[in-house]
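Next comes run-v3.cif, with mmCIF, C-alpha atoms.
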```cif
data_protein
#
loop_
_atom_site.label_atom_id
_atom_site.label_comp_id
_atom_site.auth_asym_id
_atom_site.auth_seq_id
_atom_site.Cartn_x
_atom_site.Cartn_y
_atom_site.Cartn_z
CA MET L 1 -37.82 54.64 -80.31
CA LYS L 2 -34.77 52.49 -80.78
CA LYS L 3 -32.92 54.73 -78.39
CA SER L 4 -35.59 54.33 -75.71
CA ILE L 5 -35.50 50.55 -76.00
CA LEU L 6 -31.72 50.61 -75.72
CA ILE L 7 -31.81 52.74 -72.56
CA LEU L 8 -34.49 50.55 -70.97
CA SER L 9 -32.55 47.39 -71.71
CA ALA L 10 -29.42 48.87 -70.15
CA ALA L 11 -31.37 49.79 -67.04
CA PHE L 12 -32.75 46.25 -66.66
CA MET L 13 -29.32 44.74 -67.09
CA SER L 14 -27.84 47.00 -64.43
CA LEU L 15 -30.62 46.09 -62.04
CA ALA L 16 -30.07 42.40 -62.69
CA ILE L 17 -26.36 42.74 -61.98
CA VAL L 18 -27.01 44.61 -58.73
CA GLN L 19 -29.58 41.99 -57.60
CA SER L 20 -27.20 39.21 -58.44
CA ALA L 21 -24.40 40.84 -56.43
CA SER L 22 -26.50 41.34 -53.30
CA ALA L 23 -27.77 37.69 -53.23
CA GLN L 24 -24.34 36.00 -52.99
CA THR L 25 -23.98 33.47 -50.08
CA ALA L 26 -21.39 31.00 -49.00
CA THR L 27 -21.71 28.02 -46.65
CA GLN L 28 -19.14 26.05 -44.75
CA ALA L 29 -19.47 22.78 -42.91
CA VAL L 30 -17.89 22.90 -39.45
CA SER L 31 -17.38 19.60 -37.73
CA LEU L 32 -16.99 19.81 -33.95
CA THR L 33 -15.58 16.89 -32.02
CA VAL L 34 -14.92 16.46 -28.30
CA SER L 35 -12.72 13.48 -27.77
CA LYS L 36 -12.42 11.49 -24.58
CA VAL L 37 -10.33 13.40 -22.10
CA TYR L 38 -8.80 11.76 -19.05
CA ARG L 39 -6.61 13.66 -16.66
CA ILE L 40 -5.42 12.87 -13.15
CA ALA L 41 -2.80 14.65 -11.08
CA ILE L 42 -1.48 14.46 -7.54
CA THR L 43 -0.82 17.57 -5.49
CA GLY L 44 1.55 17.56 -2.55
CA ALA L 45 5.04 16.48 -1.69
CA ALA L 46 6.91 14.62 -4.40
CA THR L 47 8.00 12.02 -1.88
CA ILE L 48 6.15 10.89 1.22
CA ASN L 49 8.09 9.43 4.13
CA MET L 50 6.32 7.03 6.45
CA THR L 51 8.03 5.46 9.46
CA VAL L 52 6.75 2.73 11.77
CA ASN L 53 8.31 3.22 15.17
CA ALA L 54 5.81 2.04 17.78
CA GLY L 55 4.06 -1.07 18.95
CA VAL L 56 2.35 -2.79 21.85
CA ALA L 57 4.20 -5.33 23.96
CA GLY L 58 2.92 -8.84 23.35
CA THR L 59 1.54 -8.05 19.88
CA ASP L 60 3.23 -8.85 16.58
CA ALA L 61 1.57 -6.04 14.63
CA LEU L 62 3.39 -2.74 15.06
CA THR L 63 1.37 0.45 15.25
CA PRO L 64 0.44 1.51 11.68
CA VAL L 65 1.18 5.00 10.44
CA THR L 66 -0.98 7.04 8.07
CA ASP L 67 -0.37 9.95 5.72
CA ALA L 68 -3.08 12.16 4.29
CA THR L 69 -1.00 15.10 3.16
CA THR L 70 -1.63 14.74 -0.57
CA THR L 71 -4.67 15.22 -2.77
CA TYR L 72 -5.61 14.37 -6.32
CA ALA L 73 -7.53 16.11 -9.09
CA ILE L 74 -9.43 14.38 -11.86
CA THR L 75 -11.12 15.40 -15.13
CA GLN L 76 -13.01 13.08 -17.42
CA ASN L 77 -15.74 13.53 -20.00
CA ASN L 78 -16.46 9.95 -20.83
CA SER L 79 -19.06 7.60 -19.44
CA ALA L 80 -19.99 7.12 -15.84
CA ALA L 81 -18.12 3.82 -15.93
CA THR L 82 -14.79 5.56 -15.51
CA LYS L 83 -12.68 4.48 -12.57
CA VAL L 84 -9.36 5.12 -10.83
CA THR L 85 -7.00 2.25 -10.17
CA ALA L 86 -3.88 2.11 -8.00
CA ASN L 87 -0.78 -0.03 -8.20
CA LEU L 88 2.82 -0.23 -7.08
CA ASP L 89 5.93 -0.53 -9.22
CA ALA L 90 6.61 -3.88 -7.53
CA THR L 91 5.08 -5.97 -4.77
CA MET L 92 6.23 -5.48 -1.19
CA PRO L 93 7.91 -8.53 0.35
CA LYS L 94 7.53 -7.03 3.83
CA GLY L 95 4.92 -4.76 5.35
CA HIS L 96 1.56 -3.67 4.00
CA LEU L 97 0.53 -0.51 2.18
CA LYS L 98 -3.09 0.55 1.90
CA ILE L 99 -4.61 3.48 0.05
CA ALA L 100 -7.97 5.26 0.28
CA LEU L 101 -9.20 7.96 -2.10
CA VAL L 102 -12.05 10.32 -1.29
CA SER L 103 -14.34 10.97 -4.25
CA GLY L 104 -17.24 13.30 -4.91
CA LEU L 105 -17.94 12.20 -8.47
CA GLY L 106 -17.58 8.47 -7.92
CA THR L 107 -17.79 5.74 -5.34
CA THR L 108 -14.71 5.12 -3.24
CA ALA L 109 -13.63 1.56 -2.61
CA GLY L 110 -12.57 2.56 0.89
CA THR L 111 -9.21 1.39 2.16
CA VAL L 112 -7.60 -0.91 -0.41
CA ASP L 113 -4.53 -3.05 0.26
CA ILE L 114 -2.17 -2.48 -2.68
CA THR L 115 0.77 -4.42 -1.23
CA SER L 116 0.66 -6.93 -4.09
CA ALA L 117 -0.92 -4.74 -6.79
CA THR L 118 1.35 -4.09 -9.76
CA SER L 119 0.66 -2.65 -13.21
CA GLY L 120 -0.81 -5.94 -14.33
CA SER L 121 -3.03 -6.26 -11.29
CA ALA L 122 -4.02 -2.70 -10.43
CA LEU L 123 -6.93 -2.44 -8.00
CA ASN L 124 -9.98 -0.18 -8.23
CA VAL L 125 -9.94 2.58 -5.66
CA VAL L 126 -12.75 4.73 -7.10
CA SER L 127 -15.42 3.57 -9.53
CA GLY L 128 -18.50 4.94 -11.28
CA ILE L 129 -16.98 8.38 -11.72
CA ALA L 130 -19.47 10.82 -13.28
CA MET L 131 -18.38 13.14 -16.07
CA GLY L 132 -16.84 16.33 -14.77
CA ALA L 133 -13.92 17.44 -12.71
CA GLU L 134 -12.96 17.73 -9.07
CA ALA L 135 -9.82 18.60 -7.17
CA GLY L 136 -8.48 18.56 -3.65
CA LYS L 137 -9.72 15.06 -2.89
CA SER L 138 -7.57 13.47 -0.23
CA ILE L 139 -5.35 10.43 -0.61
CA THR L 140 -4.69 8.49 2.58
CA TYR L 141 -1.89 5.95 2.84
CA THR L 142 -1.60 3.46 5.69
CA PHE L 143 1.69 1.65 6.22
CA SER L 144 1.91 -1.28 8.62
CA ALA L 145 4.43 -3.97 9.51
CA ASN L 146 4.92 -6.77 11.98
CA ALA L 147 7.70 -7.11 14.53
CA SER L 148 8.55 -10.51 13.06
CA GLU L 149 9.37 -8.82 9.72
CA GLY L 150 12.26 -6.96 11.30
CA LEU L 151 13.65 -3.61 10.19
CA PHE L 152 13.51 -2.44 6.58
CA VAL L 153 13.40 0.55 4.27
CA ALA L 154 11.52 0.50 0.97
CA SER L 155 10.91 3.05 -1.76
CA LYS L 156 7.66 2.41 -3.59
CA THR L 157 6.10 4.24 -6.53
CA VAL L 158 2.32 4.40 -6.39
CA THR L 159 0.55 4.98 -9.72
CA LEU L 160 -3.02 6.20 -9.98
CA THR L 161 -4.69 5.62 -13.34
CA VAL L 162 -8.00 6.96 -14.60
CA ILE L 163 -9.45 4.52 -17.09
CA ASP L 164 -12.81 3.42 -18.44
CA MET S 1 -7.29 -26.29 -81.65
CA ALA S 2 -8.98 -27.93 -78.65
CA GLY S 3 -5.63 -28.02 -76.84
CA LEU S 4 -5.16 -24.29 -77.33
CA ALA S 5 -8.59 -23.61 -75.89
CA LEU S 6 -7.75 -25.78 -72.88
CA GLN S 7 -4.49 -23.90 -72.31
CA ASN S 8 -6.32 -20.58 -72.47
CA GLU S 9 -8.88 -21.82 -70.00
CA ILE S 10 -6.14 -22.94 -67.55
CA ARG S 11 -4.38 -19.57 -67.87
CA GLY S 12 -7.66 -17.81 -67.18
CA MET S 13 -8.21 -19.88 -64.04
CA GLU S 14 -4.71 -19.06 -62.80
CA VAL S 15 -5.27 -15.35 -63.37
CA MET S 16 -8.55 -15.53 -61.43
CA LYS S 17 -6.79 -17.36 -58.61
CA ARG S 18 -4.14 -14.62 -58.40
CA VAL S 19 -6.82 -11.92 -58.38
CA ARG S 20 -8.68 -13.69 -55.54
CA LEU S 21 -5.45 -14.08 -53.57
CA HIS S 22 -4.60 -10.40 -54.04
CA THR S 23 -8.09 -9.39 -52.92
CA ALA S 24 -7.82 -11.56 -49.82
CA TRP S 25 -4.46 -9.96 -48.91
CA GLU S 26 -5.98 -6.51 -49.31
CA MET S 27 -8.89 -7.42 -47.04
CA TRP S 28 -6.57 -8.79 -44.38
CA GLY S 29 -4.50 -5.64 -44.58
CA ALA S 30 -7.55 -3.47 -44.15
CA ALA S 31 -8.73 -5.55 -41.18
CA ALA S 32 -5.31 -5.27 -39.55
CA LEU S 33 -5.34 -1.50 -40.05
CA VAL S 34 -8.77 -1.25 -38.41
CA LEU S 35 -7.60 -3.36 -35.45
CA LEU S 36 -4.47 -1.24 -35.09
CA THR S 37 -6.52 1.95 -35.13
CA LEU S 38 -8.95 0.56 -32.56
CA SER S 39 -6.18 -0.60 -30.24
CA SER S 40 -4.51 2.80 -30.47
CA ALA S 41 -7.78 4.47 -29.57
CA VAL S 42 -8.24 2.16 -26.57
CA ALA S 43 -4.67 2.72 -25.38
CA GLN S 44 -5.23 6.45 -25.33
CA GLU S 45 -8.29 6.24 -23.12
CA GLN S 46 -6.45 6.51 -19.84
CA ALA S 47 -4.17 8.81 -17.93
CA ASN S 48 -2.00 8.23 -14.92
CA THR S 49 0.16 9.92 -12.34
CA SER S 50 2.63 8.62 -9.78
CA GLN S 51 3.89 9.32 -6.30
CA ILE S 52 6.95 8.00 -4.46
CA LEU S 53 6.64 6.66 -0.91
CA THR S 54 9.62 5.97 1.30
CA LEU S 55 8.56 3.38 3.85
CA GLN S 56 10.70 2.64 6.86
CA VAL S 57 10.42 0.43 9.89
CA VAL S 58 12.81 1.45 12.65
CA GLU S 59 13.77 -0.63 15.67
CA THR S 60 10.93 -0.85 18.13
CA ASN S 61 11.18 -2.49 21.55
CA ARG S 62 8.31 -2.67 24.01
CA ILE S 63 7.92 -4.46 27.34
CA ASP S 64 5.24 -4.51 29.98
CA ILE S 65 4.42 -6.38 33.19
CA SER S 66 0.85 -7.04 34.20
CA GLN S 67 1.42 -7.05 37.93
CA LYS S 68 2.43 -3.54 38.84
CA SER S 69 2.64 -4.25 42.55
CA LEU S 70 2.91 -7.35 44.67
CA THR S 71 3.68 -8.32 48.23
CA LEU S 72 5.67 -11.32 49.33
CA VAL S 73 5.22 -12.30 52.95
CA ILE S 74 7.52 -14.79 54.64
CA ASN S 75 5.57 -16.10 57.56
CA GLN S 76 6.31 -19.82 57.77
CA ALA S 77 9.31 -21.80 58.84
CA SER S 78 10.46 -25.28 58.05
CA LEU S 79 9.78 -27.78 60.84
CA GLU S 80 12.96 -29.67 60.08
CA SER S 81 15.44 -26.86 59.71
CA GLY S 82 13.62 -24.10 61.46
CA SER S 83 14.49 -21.80 58.57
CA PRO S 84 11.86 -19.49 57.10
CA VAL S 85 10.10 -20.87 53.99
CA GLU S 86 10.40 -18.69 50.90
CA ALA S 87 7.38 -16.80 49.63
CA VAL S 88 6.58 -17.29 45.94
CA ASN S 89 4.51 -15.36 43.44
CA GLU S 90 3.92 -16.37 39.80
CA ASP S 91 0.98 -14.16 38.96
CA GLY S 92 2.87 -11.58 36.96
CA MET S 93 2.70 -11.84 33.16
CA LEU S 94 5.54 -10.26 31.22
CA VAL S 95 4.91 -9.29 27.56
CA TRP S 96 7.35 -7.88 25.05
CA LEU S 97 7.84 -6.98 21.44
CA THR S 98 10.91 -6.36 19.33
CA ASN S 99 11.59 -6.16 15.63
CA GLY S 100 15.32 -6.09 16.27
CA GLU S 101 17.66 -9.03 16.55
CA ASN S 102 19.60 -10.59 19.44
CA LYS S 103 17.72 -8.90 22.27
CA LYS S 104 17.23 -9.87 25.89
CA VAL S 105 15.09 -8.96 28.86
CA THR S 106 16.92 -7.85 31.97
CA VAL S 107 15.80 -7.02 35.49
CA ALA S 108 17.32 -4.72 38.04
CA SER S 109 16.41 -3.83 41.58
CA ASN S 110 16.82 -0.36 43.00
CA ASN S 111 18.10 -1.79 46.29
CA PRO S 112 21.91 -1.99 46.37
CA SER S 113 22.09 -4.00 49.61
CA PRO S 114 18.85 -5.80 50.31
CA ARG S 115 18.18 -7.33 53.69
CA PHE S 116 16.16 -10.22 52.24
CA LEU S 117 16.88 -12.29 49.18
CA VAL S 118 14.75 -12.05 46.03
CA LYS S 119 15.17 -14.44 43.10
CA MET S 120 13.44 -14.24 39.74
CA ARG S 121 13.11 -16.34 36.57
CA ALA S 122 10.91 -16.50 33.50
CA LEU S 123 8.39 -19.34 33.19
CA ASP S 124 6.38 -20.71 30.28
CA ILE S 125 7.82 -18.50 27.56
CA THR S 126 5.63 -18.31 24.46
CA GLY S 127 6.31 -16.46 21.24
CA GLY S 128 8.74 -16.68 18.40
CA SER S 129 11.96 -16.76 20.36
CA GLY S 130 13.62 -16.35 23.73
CA SER S 131 14.95 -18.63 26.46
CA ALA S 132 14.82 -18.31 30.23
CA ALA S 133 18.11 -17.36 31.83
CA ALA S 134 19.28 -18.82 35.14
CA ASP S 135 17.75 -17.42 38.30
CA ALA S 136 18.35 -13.71 38.63
CA ILE S 137 19.37 -13.05 42.21
CA LEU S 138 18.63 -9.50 43.19
CA ASN S 139 21.34 -9.19 45.83
CA ASP S 140 22.36 -5.77 44.54
CA ASN S 141 21.17 -3.17 42.11
CA THR S 142 23.02 -4.45 39.05
CA THR S 143 21.27 -5.65 35.92
CA LYS S 144 20.59 -9.39 35.56
CA ASP S 145 19.41 -11.37 32.54
CA LEU S 146 15.90 -12.81 32.70
CA ILE S 147 15.27 -13.90 29.06
CA THR S 148 17.86 -14.11 26.29
CA GLY S 149 17.94 -14.79 22.55
CA ILE S 150 14.94 -12.74 21.46
CA SER S 151 14.79 -11.75 17.79
CA LYS S 152 12.05 -10.19 15.66
CA SER S 153 9.21 -11.50 17.74
CA PHE S 154 6.63 -10.83 20.38
CA GLY S 155 6.16 -13.03 23.39
CA ARG S 156 5.05 -13.50 26.94
CA SER S 157 6.03 -15.39 30.03
CA LYS S 158 5.09 -15.78 33.66
CA VAL S 159 7.48 -14.31 36.18
CA HIS S 160 8.48 -16.54 39.09
CA MET S 161 9.47 -14.39 42.02
CA ALA S 162 10.67 -15.84 45.33
CA ALA S 163 11.66 -14.06 48.50
CA SER S 164 13.63 -15.79 51.23
CA ALA S 165 15.16 -14.84 54.52
CA THR S 166 17.23 -16.32 57.28
CA VAL S 167 16.43 -16.21 60.96
CA SER S 168 19.25 -13.81 61.43
CA ASN S 169 17.57 -11.36 59.03
CA GLY S 170 14.96 -10.80 61.68
CA VAL S 171 11.61 -9.26 60.85
CA GLY S 172 10.89 -6.22 58.78
CA THR S 173 9.60 -4.86 55.51
CA GLU S 174 11.54 -3.88 52.45
CA THR S 175 10.29 -2.37 49.22
CA TYR S 176 11.96 -2.99 45.90
CA THR S 177 11.36 -1.40 42.58
CA ILE S 178 12.22 -3.87 39.84
CA THR S 179 12.82 -2.56 36.34
CA TYR S 180 12.34 -4.81 33.31
CA THR S 181 14.23 -3.79 30.19
CA ILE S 182 14.36 -5.20 26.68
CA THR S 183 17.74 -4.40 25.27
CA GLY S 184 20.51 -5.49 22.95
CA GLY S 185 21.86 -8.89 23.82
#
```
In C-alpha cells, write the structure found in this file.
Amino acid sequence: MKKSILILSAAFMSLAIVQSASAQTATQAVSLTVSKVYRIAITGAATINMTVNAGVAGTDALTPVTDATTTYAITQNNSAATKVTANLDATMPKGHLKIALVSGLGTTAGTVDITSATSGSALNVVSGIAMGAEAGKSITYTFSANASEGLFVASKTVTLTVID
Amino acid sequence: MAGLALQNEIRGMEVMKRVRLHTAWEMWGAAALVLLTLSSAVAQEQANTSQILTLQVVETNRIDISQKSLTLVINQASLESGSPVEAVNEDGMLVWLTNGENKKVTVASNNPSPRFLVKMRALDITGGSGSAAADAILNDNTTKDLITGISKSFGRSKVHMAASATVSNGVGTETYTITYTITGG
C-alpha cells in the first residue's frame, strides 16, 4: 500500500513538472517611434550658368533668361503645414533672380523674386505640403537685368529648405 | 537659556533659506534643460540643399529706326536766290539700348559720291545719356557720328534729315541706304 502511494505521488509530481514546463511565456514591450523626417535634394548640374545677352532698343529692361534644367525631390512625414523656402547667400545689388517650384504635394507660390532673400528672410516657394514624397519636380530660375545696370557677373548660392 | 533657543531658531531659518535657494537653482536648471531639449528638437525639424548659379550680363547693344523708308522731294526754289529749297523730314524715331559704356550712334550712307546733299542730326534726345553731334553730312560713304556719349542707358530721338541740291545738280532721283550703328565711342 505504501508502495502504491509512493508511485502515485511520483507520477503526479512528474505531471506537474511537465505542465509547468509547457506553460512558460515571456513578454517584451517594443516601443516603435517614427520621428519627423525632412529631406530635400536637387538633381541636375551642380552649377547653372545664365547669361543675359539680348534686349529691345528703347527699353531699359534686357530680355530675361530662364533655366529649368534642374529638379528637386522632397520627403516629409510631418504635418500638412510643411513648406519649402528659398534664399540666397547674399542679396544681389544688380539684376533680379526669380524662382518657381512645381509641386504635386503642396501649393506653389508661383514665381518668387528672391533677389533680396537671405537666410534670415527666406521666402516661401511651396506651402501646405502633404505628407509623402515626390521627385522630379522642376525648378525654374529667371534672371533679368536692366541696361542701366551695366555689365556684371555674379555667383549666387540658392538654398532650398523644407521646414514646418 | 532663552538666548540659546533664539540662536537655534536663527540657525534653523538660515538652513531653511539655503534649502529653498538650492531647490530654486535645481528648478531653474531643469527648466533650462527642457528649453535646450526643445530648441534642439525644433532645430532638427528642417533640411536644406543648395545650388550655385553663375549669373552674367554681357554687353548688349540694340538700335532701331521707326521709319524704314522715306522720300525727300526738292521741288521749290527760293524767290530771292533762285536756289532750290531743301526738303526736310523729321518723322523718323530712333531708339537704342546699351548696357556698355562710352558708346555712340553713327550713320553711314552707301553712296560714295552722291549727286545731292543729305544732312542728318539727332533731335529731342531722351533717355539716360547721349548728346547730338554736329550735322552729319552724307557726302560720301564714310561713317559719321550722330549721337555721342551714351552709357548704360536706353533712349530715343527724332532724326532730322534734310536734302538739298543746287541748280547745277539738275533733276533726278537718287536712293540712299543709311545704316545706323551703335558702337564703341
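Atom CA of Glu86 of chain S sits 28.4 Å away from atom CA of Gly155 of chain S.
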Where does chain L meet chain S within 9 Å, residue by residue, with the nearest atom pair and distance in Å to one decimal for each, counting all atoms listed in the file, listed by chain and rising number, as a Markdown table?
```
| residue | atom | partner | partner_atom | distance |
| --- | --- | --- | --- | --- |
| L:Lys36 | CA | S:Glu45 | CA | 6.8 |
| L:Val37 | CA | S:Glu45 | CA | 7.5 |
| L:Tyr38 | CA | S:Ala47 | CA | 5.6 |
| L:Arg39 | CA | S:Ala47 | CA | 5.6 |
| L:Ile40 | CA | S:Asn48 | CA | 6.0 |
| L:Ala41 | CA | S:Thr49 | CA | 5.7 |
| L:Ile42 | CA | S:Thr49 | CA | 6.8 |
| L:Ala45 | CA | S:Gln51 | CA | 8.6 |
| L:Ala46 | CA | S:Gln51 | CA | 6.4 |
| L:Thr47 | CA | S:Ile52 | CA | 4.9 |
| L:Ile48 | CA | S:Leu53 | CA | 4.8 |
| L:Asn49 | CA | S:Thr54 | CA | 4.7 |
| L:Met50 | CA | S:Leu55 | CA | 5.0 |
| L:Thr51 | CA | S:Gln56 | CA | 4.7 |
| L:Val52 | CA | S:Val57 | CA | 4.7 |
| L:Asn53 | CA | S:Val58 | CA | 5.5 |
| L:Ala54 | CA | S:Thr60 | CA | 5.9 |
| L:Gly55 | CA | S:Arg62 | CA | 6.8 |
| L:Val56 | CA | S:Arg62 | CA | 6.3 |
| L:Ala57 | CA | S:Trp96 | CA | 4.2 |
| L:Gly58 | CA | S:Val95 | CA | 4.7 |
| L:Thr59 | CA | S:Phe154 | CA | 5.8 |
| L:Asp60 | CA | S:Phe154 | CA | 5.5 |
| L:Leu62 | CA | S:Thr60 | CA | 8.4 |
| L:Val84 | CA | S:Asn48 | CA | 9.0 |
| L:Gly95 | CA | S:Val57 | CA | 8.8 |
| L:Phe143 | CA | S:Leu55 | CA | 7.5 |
| L:Ser144 | CA | S:Val57 | CA | 8.8 |
| L:Ala145 | CA | S:Val57 | CA | 7.4 |
| L:Asn146 | CA | S:Asn99 | CA | 7.6 |
| L:Ala147 | CA | S:Asn99 | CA | 4.2 |
| L:Ser148 | CA | S:Lys152 | CA | 4.4 |
| L:Glu149 | CA | S:Lys152 | CA | 6.7 |
| L:Gly150 | CA | S:Asn99 | CA | 4.5 |
| L:Leu151 | CA | S:Val57 | CA | 5.2 |
| L:Phe152 | CA | S:Val57 | CA | 5.4 |
| L:Val153 | CA | S:Gln56 | CA | 4.3 |
| L:Ala154 | CA | S:Leu55 | CA | 5.0 |
| L:Ser155 | CA | S:Thr54 | CA | 4.4 |
| L:Lys156 | CA | S:Leu53 | CA | 5.1 |
| L:Thr157 | CA | S:Ile52 | CA | 4.4 |
| L:Val158 | CA | S:Gln51 | CA | 5.2 |
| L:Thr159 | CA | S:Ser50 | CA | 4.2 |
| L:Leu160 | CA | S:Thr49 | CA | 5.4 |
| L:Thr161 | CA | S:Asn48 | CA | 4.1 |
| L:Val162 | CA | S:Ala47 | CA | 5.4 |
| L:Ile163 | CA | S:Gln46 | CA | 4.5 |
| L:Asp164 | CA | S:Glu45 | CA | 7.1 |
```
Distance in Å - atom CA of Thr115 of chain L versus atom CA of Ala81 of chain L: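 One can read the atom CA of Thr115 of chain L to atom CA of Ala81 of chain L distance as 25.3 Å.
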Matched chain/residue IDs from the PyMOL selection byres ((chain L and resi 76) around 7), as a list in words: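 On this input, the PyMOL selection byres ((chain L and resi 76) around 7) captures Val37, Tyr38, Arg39, Ile74, Thr75, Asn77, Asn78, Met131, Gly132 and Ala133 of chain L.
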What's around Asn75 of chain S at 10 Å? Count only C-alpha atoms, leave out sequence neighbours fewer than 3 positions away in its own chain, and write the answer as a list in words. Leu72, Pro84, Val85, Glu86, Ala87 and Val171 of chain S
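Of the listed residues S:Leu70, S:Ile150, S:Leu138, S:Ala163, the one whose atoms come nearest to Asn110 of chain S is S:Leu138, with distances taken using all atoms listed in the file.
At a cut-off of 9 Å from (17.0, 0.8, 47.3), the residue set is Ser109, Asn110, Asn111, Pro112, Ser113, Pro114, Asp140, Asn141, Glu174, Thr175, Tyr176 and Thr177 of chain S (counting only C-alpha atoms).
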Tell me, as a compact mmCIF listing (two decimals) with C-alpha atoms, keeping the file's coordinate frame, which residues lie within 8 Å of Asp145 of chain S, counting all atoms listed in the file; anything in the same chain fewer than 5 positions away does not count.
```txt
# COMPACT_ATOMS: atom_id res chain seq x y z
CA LYS S 104 17.23 -9.87 25.89
CA VAL S 105 15.09 -8.96 28.86
CA THR S 106 16.92 -7.85 31.97
CA VAL S 107 15.80 -7.02 35.49
CA ALA S 133 18.11 -17.36 31.83
CA ALA S 134 19.28 -18.82 35.14
CA ALA S 136 18.35 -13.71 38.63
```
Quick one: pull the distance between atom CA of Leu117 of chain S and atom CA of Leu79 of chain S, Å, one decimal. 20.6 Å
Residues at most 12 Å from Ser168 of chain S, counting all atoms listed in the file, excluding those fewer than 5 positions away in the same chain, as a PyMOL selection string? chain S and resi 82-84+115-116
Compare S:Val118, S:Lys144, S:Asp124, S:Glu14 by their minimum atom-to-atom distance to Ile74 of chain S, counting all atoms listed in the file, and give me the closest one.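 So, comparing all the options, the nearest one is S:Val118.
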Could you tell me which residues the PyMOL selection byres ((chain S and resi 120) around 8) grabs in this file, written as an mmCIF file with C-alpha atoms, keeping the file's coordinate frame?
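part.cif, freshly written:
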```cif
data_model
loop_
_atom_site.group_PDB
_atom_site.id
_atom_site.type_symbol
_atom_site.label_atom_id
_atom_site.label_comp_id
_atom_site.auth_asym_id
_atom_site.auth_seq_id
_atom_site.Cartn_x
_atom_site.Cartn_y
_atom_site.Cartn_z
ATOM 1 C CA VAL S 118 14.750 -12.050 46.030
ATOM 2 C CA LYS S 119 15.170 -14.440 43.100
ATOM 3 C CA ARG S 121 13.110 -16.340 36.570
ATOM 4 C CA ALA S 122 10.910 -16.500 33.500
ATOM 5 C CA ASP S 135 17.750 -17.420 38.300
ATOM 6 C CA ALA S 136 18.350 -13.710 38.630
ATOM 7 C CA ILE S 137 19.370 -13.050 42.210
ATOM 8 C CA LEU S 138 18.630 -9.500 43.190
ATOM 9 C CA LEU S 146 15.900 -12.810 32.700
ATOM 10 C CA VAL S 159 7.480 -14.310 36.180
ATOM 11 C CA HIS S 160 8.480 -16.540 39.090
ATOM 12 C CA MET S 161 9.470 -14.390 42.020
ATOM 13 C CA ALA S 162 10.670 -15.840 45.330
#
```
Give me, as a list in words, all polymer residues having an atom no more than 10 Å from Ala100 of chain L, counting all atoms listed in the file and skipping those fewer than 4 positions away in the same chain.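 Once the nearby chain positions are removed, what remains is Ala68, Ala86, Thr108, Ala109, Gly110, Thr111, Val112, Asp113, Val125, Val126, Ser138, Ile139, Thr140, Tyr141 and Thr142 of chain L.
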Name the residues captured by the PyMOL selection byres ((chain L and resi 114) around 8) when it is applied to the shown file; answer as a PyMOL selection string. chain L and resi 86-88+96-99+112-113+115-117+122-123
Missing atoms in segment 56-66 of chain S: can you complete it with N, CA, C and O atoms, as a short mmCIF file (atom, residue, chain, number, x, y, z; two decimals), in the frame of the given file?
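Result file follows (result-v4.cif):
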```
data_model
loop_
_atom_site.label_atom_id
_atom_site.label_comp_id
_atom_site.auth_asym_id
_atom_site.auth_seq_id
_atom_site.Cartn_x
_atom_site.Cartn_y
_atom_site.Cartn_z
N GLN S 56 9.61 3.06 5.98
CA GLN S 56 10.70 2.64 6.86
C GLN S 56 10.14 2.06 8.15
O GLN S 56 9.17 2.57 8.71
N VAL S 57 10.75 0.99 8.57
CA VAL S 57 10.42 0.43 9.89
C VAL S 57 11.69 0.52 10.73
O VAL S 57 12.70 -0.09 10.38
N VAL S 58 11.63 1.30 11.78
CA VAL S 58 12.81 1.45 12.65
C VAL S 58 12.68 0.50 13.84
O VAL S 58 11.62 -0.07 14.08
N GLU S 59 13.79 0.33 14.56
CA GLU S 59 13.77 -0.63 15.67
C GLU S 59 12.79 -0.19 16.75
O GLU S 59 12.79 0.96 17.18
N THR S 60 11.97 -1.12 17.13
CA THR S 60 10.93 -0.85 18.13
C THR S 60 10.99 -1.94 19.19
O THR S 60 10.91 -3.13 18.87
N ASN S 61 11.15 -1.54 20.43
CA ASN S 61 11.18 -2.49 21.55
C ASN S 61 10.15 -2.05 22.58
O ASN S 61 10.10 -0.87 22.94
N ARG S 62 9.33 -2.98 23.01
CA ARG S 62 8.31 -2.67 24.01
C ARG S 62 8.27 -3.81 25.03
O ARG S 62 8.43 -4.98 24.69
N ILE S 63 8.03 -3.45 26.29
CA ILE S 63 7.92 -4.46 27.34
C ILE S 63 6.95 -3.96 28.39
O ILE S 63 6.85 -2.74 28.63
N ASP S 64 6.22 -4.91 28.96
CA ASP S 64 5.24 -4.51 29.98
C ASP S 64 5.04 -5.68 30.94
O ASP S 64 5.19 -6.84 30.56
N ILE S 65 4.69 -5.35 32.18
CA ILE S 65 4.42 -6.38 33.19
C ILE S 65 3.01 -6.13 33.72
O ILE S 65 2.63 -4.99 33.97
N SER S 66 2.26 -7.21 33.81
CA SER S 66 0.85 -7.04 34.20
C SER S 66 0.70 -6.68 35.67
O SER S 66 -0.20 -5.95 36.05
#
```
